[in-house]
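Below: run_19.cif (mmCIF, C-alpha atoms and all ligand atoms)
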```cif
data_my_file
loop_
_atom_site.label_atom_id
_atom_site.label_comp_id
_atom_site.auth_asym_id
_atom_site.auth_seq_id
_atom_site.Cartn_x
_atom_site.Cartn_y
_atom_site.Cartn_z
CA MET A 11 68.41 85.20 96.63
CA ALA A 12 70.09 85.79 93.25
CA GLU A 13 72.58 88.06 95.03
CA GLU A 14 73.37 85.35 97.59
CA HIS A 15 73.95 82.83 94.80
CA GLN A 16 76.29 85.26 93.06
CA LEU A 17 78.23 85.76 96.29
CA LYS A 18 78.65 82.00 96.73
CA GLU A 19 80.01 81.84 93.15
CA VAL A 20 82.51 84.62 93.93
CA GLN A 21 83.59 82.80 97.08
CA LYS A 22 84.00 79.52 95.19
CA GLN A 23 86.32 81.20 92.71
CA GLY A 24 88.53 82.66 95.39
CA TYR A 25 88.94 82.62 99.11
CA ASP A 26 86.03 81.46 101.26
CA TRP A 27 85.80 84.19 103.86
CA ASP A 28 82.55 82.93 105.27
CA GLU A 29 84.14 79.63 106.22
CA ARG A 30 86.74 81.54 108.31
CA TYR A 31 83.91 83.23 110.23
CA LYS A 32 81.99 79.97 110.61
CA VAL A 33 84.93 78.14 112.15
CA LYS A 34 85.97 81.27 114.10
CA ASP A 35 89.44 81.37 112.53
CA LEU A 36 89.72 85.16 112.86
CA PRO A 37 93.19 86.21 114.01
CA TRP A 38 92.51 89.79 112.80
CA ASP A 39 89.38 90.27 114.88
CA THR A 40 90.57 92.07 118.01
CA GLY A 41 87.13 93.25 119.13
CA LEU A 42 88.80 96.63 119.74
CA VAL A 43 88.50 99.83 117.76
CA ALA A 44 91.47 100.11 115.37
CA PRO A 45 93.95 102.54 116.97
CA GLU A 46 94.69 104.07 113.53
CA LEU A 47 90.99 104.93 113.22
CA SER A 48 90.58 106.46 116.67
CA GLU A 49 93.83 108.43 116.16
CA TYR A 50 92.56 109.71 112.81
CA TYR A 51 89.33 110.90 114.44
CA ALA A 52 91.16 112.43 117.40
CA ALA A 53 93.24 114.61 115.07
CA LEU A 54 90.17 116.10 113.38
CA ALA A 55 88.47 119.30 114.47
CA PRO A 56 84.77 118.76 115.35
CA GLN A 57 83.60 120.26 112.03
CA GLU A 58 85.95 117.92 110.12
CA LYS A 59 84.49 114.70 111.56
CA PRO A 60 83.08 112.70 108.64
CA ALA A 61 79.29 112.77 108.47
CA ALA A 62 78.92 109.92 105.98
CA VAL A 63 81.21 106.94 106.26
CA LEU A 64 81.67 103.69 104.38
CA GLU A 65 83.51 100.76 105.89
CA VAL A 66 84.46 98.03 103.45
CA GLY A 67 84.95 94.49 104.75
CA CYS A 68 83.70 95.43 108.20
CA GLY A 69 84.07 91.93 109.65
CA THR A 70 82.15 91.65 112.90
CA GLY A 71 81.46 95.38 112.97
CA THR A 72 83.55 96.84 115.80
CA ASN A 73 84.80 99.81 113.80
CA ALA A 74 81.54 100.46 111.96
CA VAL A 75 79.65 100.60 115.25
CA TRP A 76 82.27 102.87 116.79
CA MET A 77 82.07 105.34 113.88
CA ALA A 78 78.28 105.41 114.22
CA GLN A 79 78.76 106.14 117.93
CA GLN A 80 80.92 109.12 116.89
CA GLY A 81 77.88 110.53 115.09
CA ALA A 82 78.50 109.36 111.52
CA LYS A 83 75.89 107.88 109.22
CA VAL A 84 77.62 104.57 108.55
CA ASN A 85 77.31 102.13 105.67
CA ALA A 86 79.30 98.93 106.10
CA THR A 87 79.88 96.07 103.66
CA GLU A 88 80.90 92.44 103.93
CA ILE A 89 81.26 89.54 101.53
CA ALA A 90 80.89 86.99 104.36
CA PRO A 91 77.29 86.49 105.51
CA THR A 92 78.36 85.09 108.89
CA ALA A 93 80.50 88.16 109.63
CA LEU A 94 77.65 90.42 108.65
CA GLU A 95 75.20 88.60 110.93
CA GLN A 96 77.59 89.19 113.84
CA ALA A 97 78.04 92.84 112.89
CA VAL A 98 74.26 93.33 112.71
CA ALA A 99 73.90 91.70 116.14
CA ARG A 100 76.62 93.92 117.60
CA ALA A 101 74.96 97.09 116.31
CA ALA A 102 71.55 95.91 117.55
CA SER A 103 72.83 95.01 121.01
CA LEU A 104 74.37 98.47 121.36
CA GLN A 105 71.32 100.15 119.79
CA VAL A 106 73.45 101.74 117.10
CA LYS A 107 72.25 102.33 113.55
CA VAL A 108 74.50 101.06 110.77
CA ASP A 109 73.34 100.20 107.23
CA PHE A 110 74.92 96.86 106.42
CA HIS A 111 75.30 95.47 102.90
CA LEU A 112 76.19 91.94 101.85
CA LEU A 113 78.19 92.36 98.65
CA ASP A 114 81.50 92.07 96.88
CA ILE A 115 82.88 95.60 96.96
CA CYS A 116 84.67 95.03 93.63
CA GLN A 117 81.36 94.26 91.93
CA LYS A 118 78.63 96.37 93.52
CA ASP A 119 78.04 99.89 94.74
CA PRO A 120 76.88 99.93 98.35
CA VAL A 121 76.03 103.65 98.37
CA GLU A 122 75.00 106.44 96.06
CA ALA A 123 77.83 107.84 93.93
CA GLY A 124 79.64 110.79 95.49
CA SER A 125 77.89 110.44 98.84
CA GLN A 126 80.65 109.54 101.35
CA ASP A 127 83.12 111.71 103.25
CA PHE A 128 85.35 108.87 104.41
CA VAL A 129 86.10 105.22 103.70
CA PHE A 130 87.74 102.94 106.24
CA ASP A 131 89.41 99.68 105.33
CA ARG A 132 91.37 97.58 107.77
CA GLY A 133 92.93 94.55 106.18
CA VAL A 134 90.67 94.44 103.13
CA TYR A 135 92.52 96.06 100.23
CA HIS A 136 95.45 93.72 100.80
CA VAL A 137 93.25 90.60 100.56
CA ILE A 138 91.76 91.64 97.21
CA PRO A 139 93.34 89.69 94.32
CA GLN A 140 95.72 91.95 92.42
CA GLU A 141 93.70 91.88 89.22
CA SER A 142 90.62 93.15 91.12
CA ARG A 143 92.35 95.96 93.05
CA PRO A 144 91.64 98.58 90.35
CA LEU A 145 87.93 97.65 90.63
CA PHE A 146 88.13 98.06 94.41
CA ALA A 147 89.82 101.48 94.12
CA ALA A 148 87.33 102.56 91.46
CA LYS A 149 84.38 101.63 93.72
CA LEU A 150 85.82 103.63 96.60
CA HIS A 151 86.49 106.56 94.29
CA LYS A 152 82.90 106.40 93.06
CA ALA A 153 81.46 106.26 96.60
CA LEU A 154 83.41 109.27 97.88
CA LYS A 155 82.62 112.94 97.56
CA PRO A 156 85.28 115.02 95.76
CA ALA A 157 88.25 115.26 98.15
CA GLY A 158 86.76 112.48 100.31
CA ARG A 159 89.33 110.38 102.16
CA TRP A 160 90.21 106.69 102.46
CA LEU A 161 92.18 105.32 105.38
CA CYS A 162 93.71 101.99 104.43
CA ILE A 163 95.51 99.64 106.80
CA ALA A 164 97.36 96.98 104.80
CA GLY A 165 100.17 94.50 105.45
CA SER A 166 103.67 95.70 104.54
CA LYS A 167 106.26 93.79 102.53
CA ASP A 168 109.03 95.58 104.44
CA GLU A 169 108.91 92.83 107.03
CA ALA A 170 110.86 89.65 106.43
CA ARG A 171 108.90 86.67 107.64
CA GLU A 172 110.07 83.12 108.05
CA ASN A 173 106.81 81.97 106.52
CA PRO A 174 105.08 84.63 104.40
CA GLU A 175 101.98 82.42 104.34
CA VAL A 176 101.46 83.13 108.04
CA GLY A 177 100.10 86.58 108.80
CA PRO A 178 98.38 89.25 106.72
CA PRO A 179 99.14 89.58 103.00
CA GLN A 180 102.04 91.92 102.31
CA LEU A 181 102.13 94.80 99.82
CA SER A 182 105.15 96.89 98.89
CA ALA A 183 104.74 100.67 99.03
CA LEU A 184 105.07 100.66 95.25
CA GLU A 185 102.22 98.16 94.87
CA LEU A 186 100.00 100.10 97.24
CA LEU A 187 100.65 103.43 95.55
CA SER A 188 100.83 102.46 91.90
CA GLU A 189 97.54 100.55 92.04
CA THR A 190 95.67 103.40 93.74
CA GLU A 191 97.40 106.26 91.88
CA PRO A 192 94.81 106.67 89.08
CA PHE A 193 92.03 107.18 91.63
CA PHE A 194 93.64 108.72 94.72
CA GLU A 195 96.24 111.25 95.79
CA LEU A 196 98.40 110.17 98.70
CA ILE A 197 98.05 112.40 101.78
CA SER A 198 100.27 110.40 104.11
CA LEU A 199 101.92 107.02 104.38
CA GLY A 200 103.24 105.64 107.63
CA ARG A 201 104.00 102.45 109.48
CA THR A 202 101.78 100.73 111.97
CA TYR A 203 101.22 97.18 113.20
CA PHE A 204 98.43 94.68 113.16
CA VAL A 205 98.50 93.60 116.79
CA LEU A 206 96.59 90.35 117.12
CA PRO A 207 94.72 89.15 120.20
CA ASP A 208 97.44 86.52 120.78
CA GLY A 209 100.06 89.32 120.98
CA LYS A 210 101.67 88.70 117.56
CA LYS A 211 102.53 91.88 115.63
CA TYR A 212 102.77 92.34 111.88
CA LEU A 213 104.14 95.42 110.16
CA ALA A 214 101.50 97.32 108.20
CA TRP A 215 100.92 100.43 106.11
CA LYS A 216 98.68 103.20 107.33
CA ALA A 217 97.83 105.07 104.13
CA LEU A 218 95.56 108.09 103.93
CA PHE A 219 94.32 108.86 100.43
CA GLN A 220 92.24 111.64 98.99
CA ARG A 221 89.90 111.09 96.04
CA ARG A 222 91.10 112.53 92.79
CA LYS A 223 88.51 114.74 91.15
C1 LIG A 301 91.34 90.41 107.26
S1 LIG A 301 89.60 90.57 107.36
C2 LIG A 301 89.41 92.16 108.15
C3 LIG A 301 88.01 92.35 108.71
C4 LIG A 301 87.80 93.69 109.44
N1 LIG A 301 88.08 94.82 108.60
C5 LIG A 301 88.62 93.75 110.69
O1 LIG A 301 89.58 94.52 110.76
O2 LIG A 301 88.32 92.98 111.64
C6 LIG A 301 89.16 90.93 105.66
C7 LIG A 301 87.65 91.10 105.50
O3 LIG A 301 87.34 91.51 104.17
C8 LIG A 301 86.17 90.84 103.75
N2 LIG A 301 86.22 90.82 102.27
C9 LIG A 301 87.11 90.14 101.50
N3 LIG A 301 86.88 90.39 100.21
C10 LIG A 301 85.83 91.25 100.16
C11 LIG A 301 85.13 91.87 99.09
N4 LIG A 301 85.47 91.64 97.80
N5 LIG A 301 84.08 92.69 99.38
C12 LIG A 301 83.74 92.91 100.68
N6 LIG A 301 84.38 92.37 101.74
C13 LIG A 301 85.41 91.53 101.47
C14 LIG A 301 86.28 89.46 104.39
O4 LIG A 301 85.08 88.77 104.48
C15 LIG A 301 86.87 89.82 105.76
O5 LIG A 301 85.87 90.09 106.69
#
```

Have the structure of the file written as structure tokens, please.
Ligand SMILES: C[S@@+](CC[C@H](N)C(=O)[O-])C[C@H]1O[C@@H](n2cnc3c(N)ncnc32)[C@H](O)[C@@H]1O
Amino acid sequence: MAEEHQLKEVQKQGYDWDERYKVKDLPWDTGLVAPELSEYYAALAPQEKPAAVLEVGCGTGTNAVWMAQQGAKVNATEIAPTALEQAVARAASLQVKVDFHLLDICQKDPVEAGSQDFVFDRGVYHVIPQESRPLFAAKLHKALKPAGRWLCIAGSKDEARENPEVGPPQLSALELLSETEPFFELISLGRTYFVLPDGKKYLAWKALFQRRK
């Protein structure tokens, strides 16, 4: 109960994610496995597939459930209770085990320190207020095993938009890398797109990081 109260306080201070889920204003929610995630898995040899995975800001759970179906022990977090309810229902309906946690990833540890092989984040790092991004990166660093990896899909500033308020938040490569630098080495950085269910496309970063020791 105290945790729920704290979450409401956090949401009051910033963006109310739960309201977006309540009114179903979810342009990012494709209901499909992120192609960047399935491509990442496809490129791994069987013995390299991550055994323990953390998804931060899992939304309605499509990717968390998919990773569990690939054989991973999955922990998934959300700050929005309504999203988490839907993710729990999705996992239950498909009879897939995922450990879900309602928390603010910048404030709480969802898993034991040094326990995860891989963290997946689609569209979460870029929505974290700039002053909290070091906390976010530190939590991911803490969750991962040494040399554990983080795949981050985040909006790119290298796209001129008529209205920057419409579409995912945009980070420059410098912002993405300088803020994560103390905690992570960069393995690769490439371009991808958020392709929304209505067909709109937004340029994005596909960044693969490795935990610094
Ligand atoms: C753009 S949505 C992406 C959701 C999901 N990853 C997807 O691709 O469908 C961003 C998500 O991050 C969650 N979120 C925002 N801030 C968070 C925080 N501090 N801790 C955990 N989740 C957070 C929101 O509730 C929302 O579900």

Set out as a tab-separated table a contact list for range 92-171 of chain A and range 175-188 of chain A with a cut-off of 6 Å, giving each residue of range 92-171 of chain A that qualifies its closest atom pair and distance in Å to one decimal, counting only C-alpha atoms, ordered by chain and rising residue number.
```
residue	atom	partner	partner_atom	distance
A:His136	CA	A:Pro179	CA	6.0
A:Gly165	CA	A:Gln180	CA	4.5
A:Ser166	CA	A:Gln180	CA	4.7
A:Lys167	CA	A:Gln180	CA	4.6
```

Which one of A:Leu113, A:Ala93, A:Val43, A:Ala153 sits closest to Ala62 in chain A if you count all atoms listed in the file? A:Ala153

Considering all atoms listed in the file, return as a PyMOL selection string whatever protein or nucleic-acid residues lie within 12 Å of Gly158 in chain A, sequence-local ones (same chain, fewer than 4 positions apart) excluded. chain A and resi 58-64+123-130+150-154+193-197+218-223

CA of Pro144 in chain A sits from CA of Glu191 in chain A at a separation of 9.7 Å

Scan for residues within 9 Å of the point (83.4, 102.6, 116.6) in the coordinates of the file, using all atoms listed in the file, and reply as a ChimeraX atom specification. /A:42-44,47-48,71-80

Cut-off 9 Å: closest chain A/ligand LIG 301 (chain A) atom pairs per residue, using all atoms listed in the file, as a tab-separated table:
```
residue	atom	partner	partner_atom	distance
A:Val20	CA	A:LIG301	N4	8.5
A:Gln21	CA	A:LIG301	N3	8.8
A:Tyr25	CA	A:LIG301	C9	8.1
A:Asp26	CA	A:LIG301	O4	8.0
A:Trp27	CA	A:LIG301	O4	4.7
A:Asp28	CA	A:LIG301	O4	6.4
A:Arg30	CA	A:LIG301	O4	8.3
A:Tyr31	CA	A:LIG301	O5	8.0
A:Leu36	CA	A:LIG301	S1	7.7
A:Pro37	CA	A:LIG301	C1	8.2
A:Trp38	CA	A:LIG301	O2	5.4
A:Asp39	CA	A:LIG301	O2	4.4
A:Thr40	CA	A:LIG301	O2	6.8
A:Gly41	CA	A:LIG301	O2	7.6
A:Leu42	CA	A:LIG301	O2	8.9
A:Val43	CA	A:LIG301	O1	8.9
A:Ala44	CA	A:LIG301	O1	7.5
A:Glu65	CA	A:LIG301	N1	8.0
A:Val66	CA	A:LIG301	C12	5.9
A:Gly67	CA	A:LIG301	N6	3.7
A:Cys68	CA	A:LIG301	N1	4.4
A:Gly69	CA	A:LIG301	O5	3.9
A:Thr70	CA	A:LIG301	O2	6.4
A:Gly71	CA	A:LIG301	O2	7.4
A:Thr72	CA	A:LIG301	O2	7.4
A:Asn73	CA	A:LIG301	O1	7.8
A:Thr87	CA	A:LIG301	C12	5.8
A:Glu88	CA	A:LIG301	N6	4.1
A:Ile89	CA	A:LIG301	N6	4.2
A:Ala90	CA	A:LIG301	O4	4.6
A:Pro91	CA	A:LIG301	O4	8.2
A:Thr92	CA	A:LIG301	O4	8.8
A:Ala93	CA	A:LIG301	O5	6.4
A:Leu94	CA	A:LIG301	O5	8.5
A:Leu112	CA	A:LIG301	C12	7.7
A:Leu113	CA	A:LIG301	C12	5.9
A:Asp114	CA	A:LIG301	N5	3.6
A:Ile115	CA	A:LIG301	N5	4.0
A:Cys116	CA	A:LIG301	N4	5.4
A:Gln117	CA	A:LIG301	N4	7.6
A:Lys118	CA	A:LIG301	N5	8.8
A:Phe130	CA	A:LIG301	N1	8.5
A:Asp131	CA	A:LIG301	N1	6.0
A:Arg132	CA	A:LIG301	N1	4.4
A:Gly133	CA	A:LIG301	C1	4.6
A:Val134	CA	A:LIG301	O3	4.6
A:Tyr135	CA	A:LIG301	O3	7.9
A:His136	CA	A:LIG301	C1	8.3
A:Val137	CA	A:LIG301	C9	6.2
A:Ile138	CA	A:LIG301	N3	5.9
A:Pro139	CA	A:LIG301	N3	8.8
A:Ser142	CA	A:LIG301	N4	8.6
A:Phe146	CA	A:LIG301	N4	7.7
A:Ile163	CA	A:LIG301	O1	8.8
A:Pro178	CA	A:LIG301	C1	7.2
A:Pro179	CA	A:LIG301	C1	8.9
```

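Straight-line separation from CA of Gly200 in chain A to CA of Pro174 in chain A: 21.3 Å.
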
To one decimal place in Å, what is the distance between CA of Ala101 in chain A and CA of Asn85 in chain A? 12.0 Å

Test item: axis-aligned box, all listed atoms of range 75-89 of chain A, 5 Å on each side, centre and edges in Å rounded to one decimal, as JSON:
```
{"center_x": 79.1, "center_y": 100.0, "center_z": 109.7, "size_x": 16.4, "size_y": 31.0, "size_z": 26.4}
```

Rebuild N, CA and C atoms on range 39-67 of chain A, as a tab-separated table (two decimals), keeping the file's coordinate frame?
```
chain	number	residue	atom	x	y	z
A	39	ASP	N	90.55	89.67	114.22
A	39	ASP	CA	89.38	90.27	114.88
A	39	ASP	C	89.70	90.53	116.36
A	40	THR	N	90.13	91.75	116.65
A	40	THR	CA	90.57	92.07	118.01
A	40	THR	C	89.39	92.40	118.92
A	41	GLY	N	88.26	92.78	118.32
A	41	GLY	CA	87.13	93.25	119.13
A	41	GLY	C	87.36	94.66	119.69
A	42	LEU	N	88.47	95.27	119.27
A	42	LEU	CA	88.80	96.63	119.74
A	42	LEU	C	88.78	97.58	118.55
A	43	VAL	N	88.46	98.83	118.82
A	43	VAL	CA	88.50	99.83	117.76
A	43	VAL	C	89.94	99.95	117.25
A	44	ALA	N	90.11	100.00	115.93
A	44	ALA	CA	91.47	100.11	115.37
A	44	ALA	C	92.10	101.41	115.87
A	45	PRO	N	93.32	101.33	116.45
A	45	PRO	CA	93.95	102.54	116.97
A	45	PRO	C	94.17	103.58	115.88
A	46	GLU	N	94.45	103.13	114.64
A	46	GLU	CA	94.69	104.07	113.53
A	46	GLU	C	93.42	104.88	113.26
A	47	LEU	N	92.27	104.25	113.47
A	47	LEU	CA	90.99	104.93	113.22
A	47	LEU	C	90.70	105.94	114.33
A	48	SER	N	90.87	105.52	115.58
A	48	SER	CA	90.58	106.46	116.67
A	48	SER	C	91.58	107.62	116.66
A	49	GLU	N	92.84	107.33	116.26
A	49	GLU	CA	93.83	108.43	116.16
A	49	GLU	C	93.45	109.39	115.04
A	50	TYR	N	92.98	108.85	113.94
A	50	TYR	CA	92.56	109.71	112.81
A	50	TYR	C	91.44	110.64	113.27
A	51	TYR	N	90.46	110.09	113.94
A	51	TYR	CA	89.33	110.90	114.44
A	51	TYR	C	89.82	111.95	115.44
A	52	ALA	N	90.70	111.53	116.32
A	52	ALA	CA	91.16	112.43	117.40
A	52	ALA	C	91.87	113.66	116.83
A	53	ALA	N	92.48	113.49	115.66
A	53	ALA	CA	93.24	114.61	115.07
A	53	ALA	C	92.34	115.58	114.30
A	54	LEU	N	91.07	115.24	114.15
A	54	LEU	CA	90.17	116.10	113.38
A	54	LEU	C	89.47	117.11	114.29
A	55	ALA	N	89.28	118.31	113.76
A	55	ALA	CA	88.47	119.30	114.47
A	55	ALA	C	87.01	118.83	114.39
A	56	PRO	N	86.16	119.26	115.35
A	56	PRO	CA	84.77	118.76	115.35
A	56	PRO	C	84.07	118.91	113.99
A	57	GLN	N	84.30	120.05	113.31
A	57	GLN	CA	83.60	120.26	112.03
A	57	GLN	C	84.19	119.40	110.90
A	58	GLU	N	85.34	118.78	111.16
A	58	GLU	CA	85.95	117.92	110.12
A	58	GLU	C	85.55	116.45	110.27
A	59	LYS	N	84.86	116.12	111.36
A	59	LYS	CA	84.49	114.70	111.56
A	59	LYS	C	83.58	114.26	110.41
A	60	PRO	N	83.87	113.11	109.80
A	60	PRO	CA	83.08	112.70	108.64
A	60	PRO	C	81.62	112.42	109.01
A	61	ALA	N	80.72	112.96	108.20
A	61	ALA	CA	79.29	112.77	108.47
A	61	ALA	C	78.80	111.47	107.85
A	62	ALA	N	79.34	111.14	106.68
A	62	ALA	CA	78.92	109.92	105.98
A	62	ALA	C	80.13	109.04	105.74
A	63	VAL	N	80.05	107.82	106.25
A	63	VAL	CA	81.21	106.94	106.26
A	63	VAL	C	80.86	105.59	105.66
A	64	LEU	N	81.81	105.04	104.91
A	64	LEU	CA	81.67	103.69	104.38
A	64	LEU	C	82.80	102.84	104.93
A	65	GLU	N	82.45	101.71	105.56
A	65	GLU	CA	83.51	100.76	105.89
A	65	GLU	C	83.38	99.56	104.97
A	66	VAL	N	84.49	99.21	104.32
A	66	VAL	CA	84.46	98.03	103.45
A	66	VAL	C	85.06	96.85	104.22
A	67	GLY	N	84.46	95.68	104.05
A	67	GLY	CA	84.95	94.49	104.75
A	67	GLY	C	84.95	94.70	106.25
```
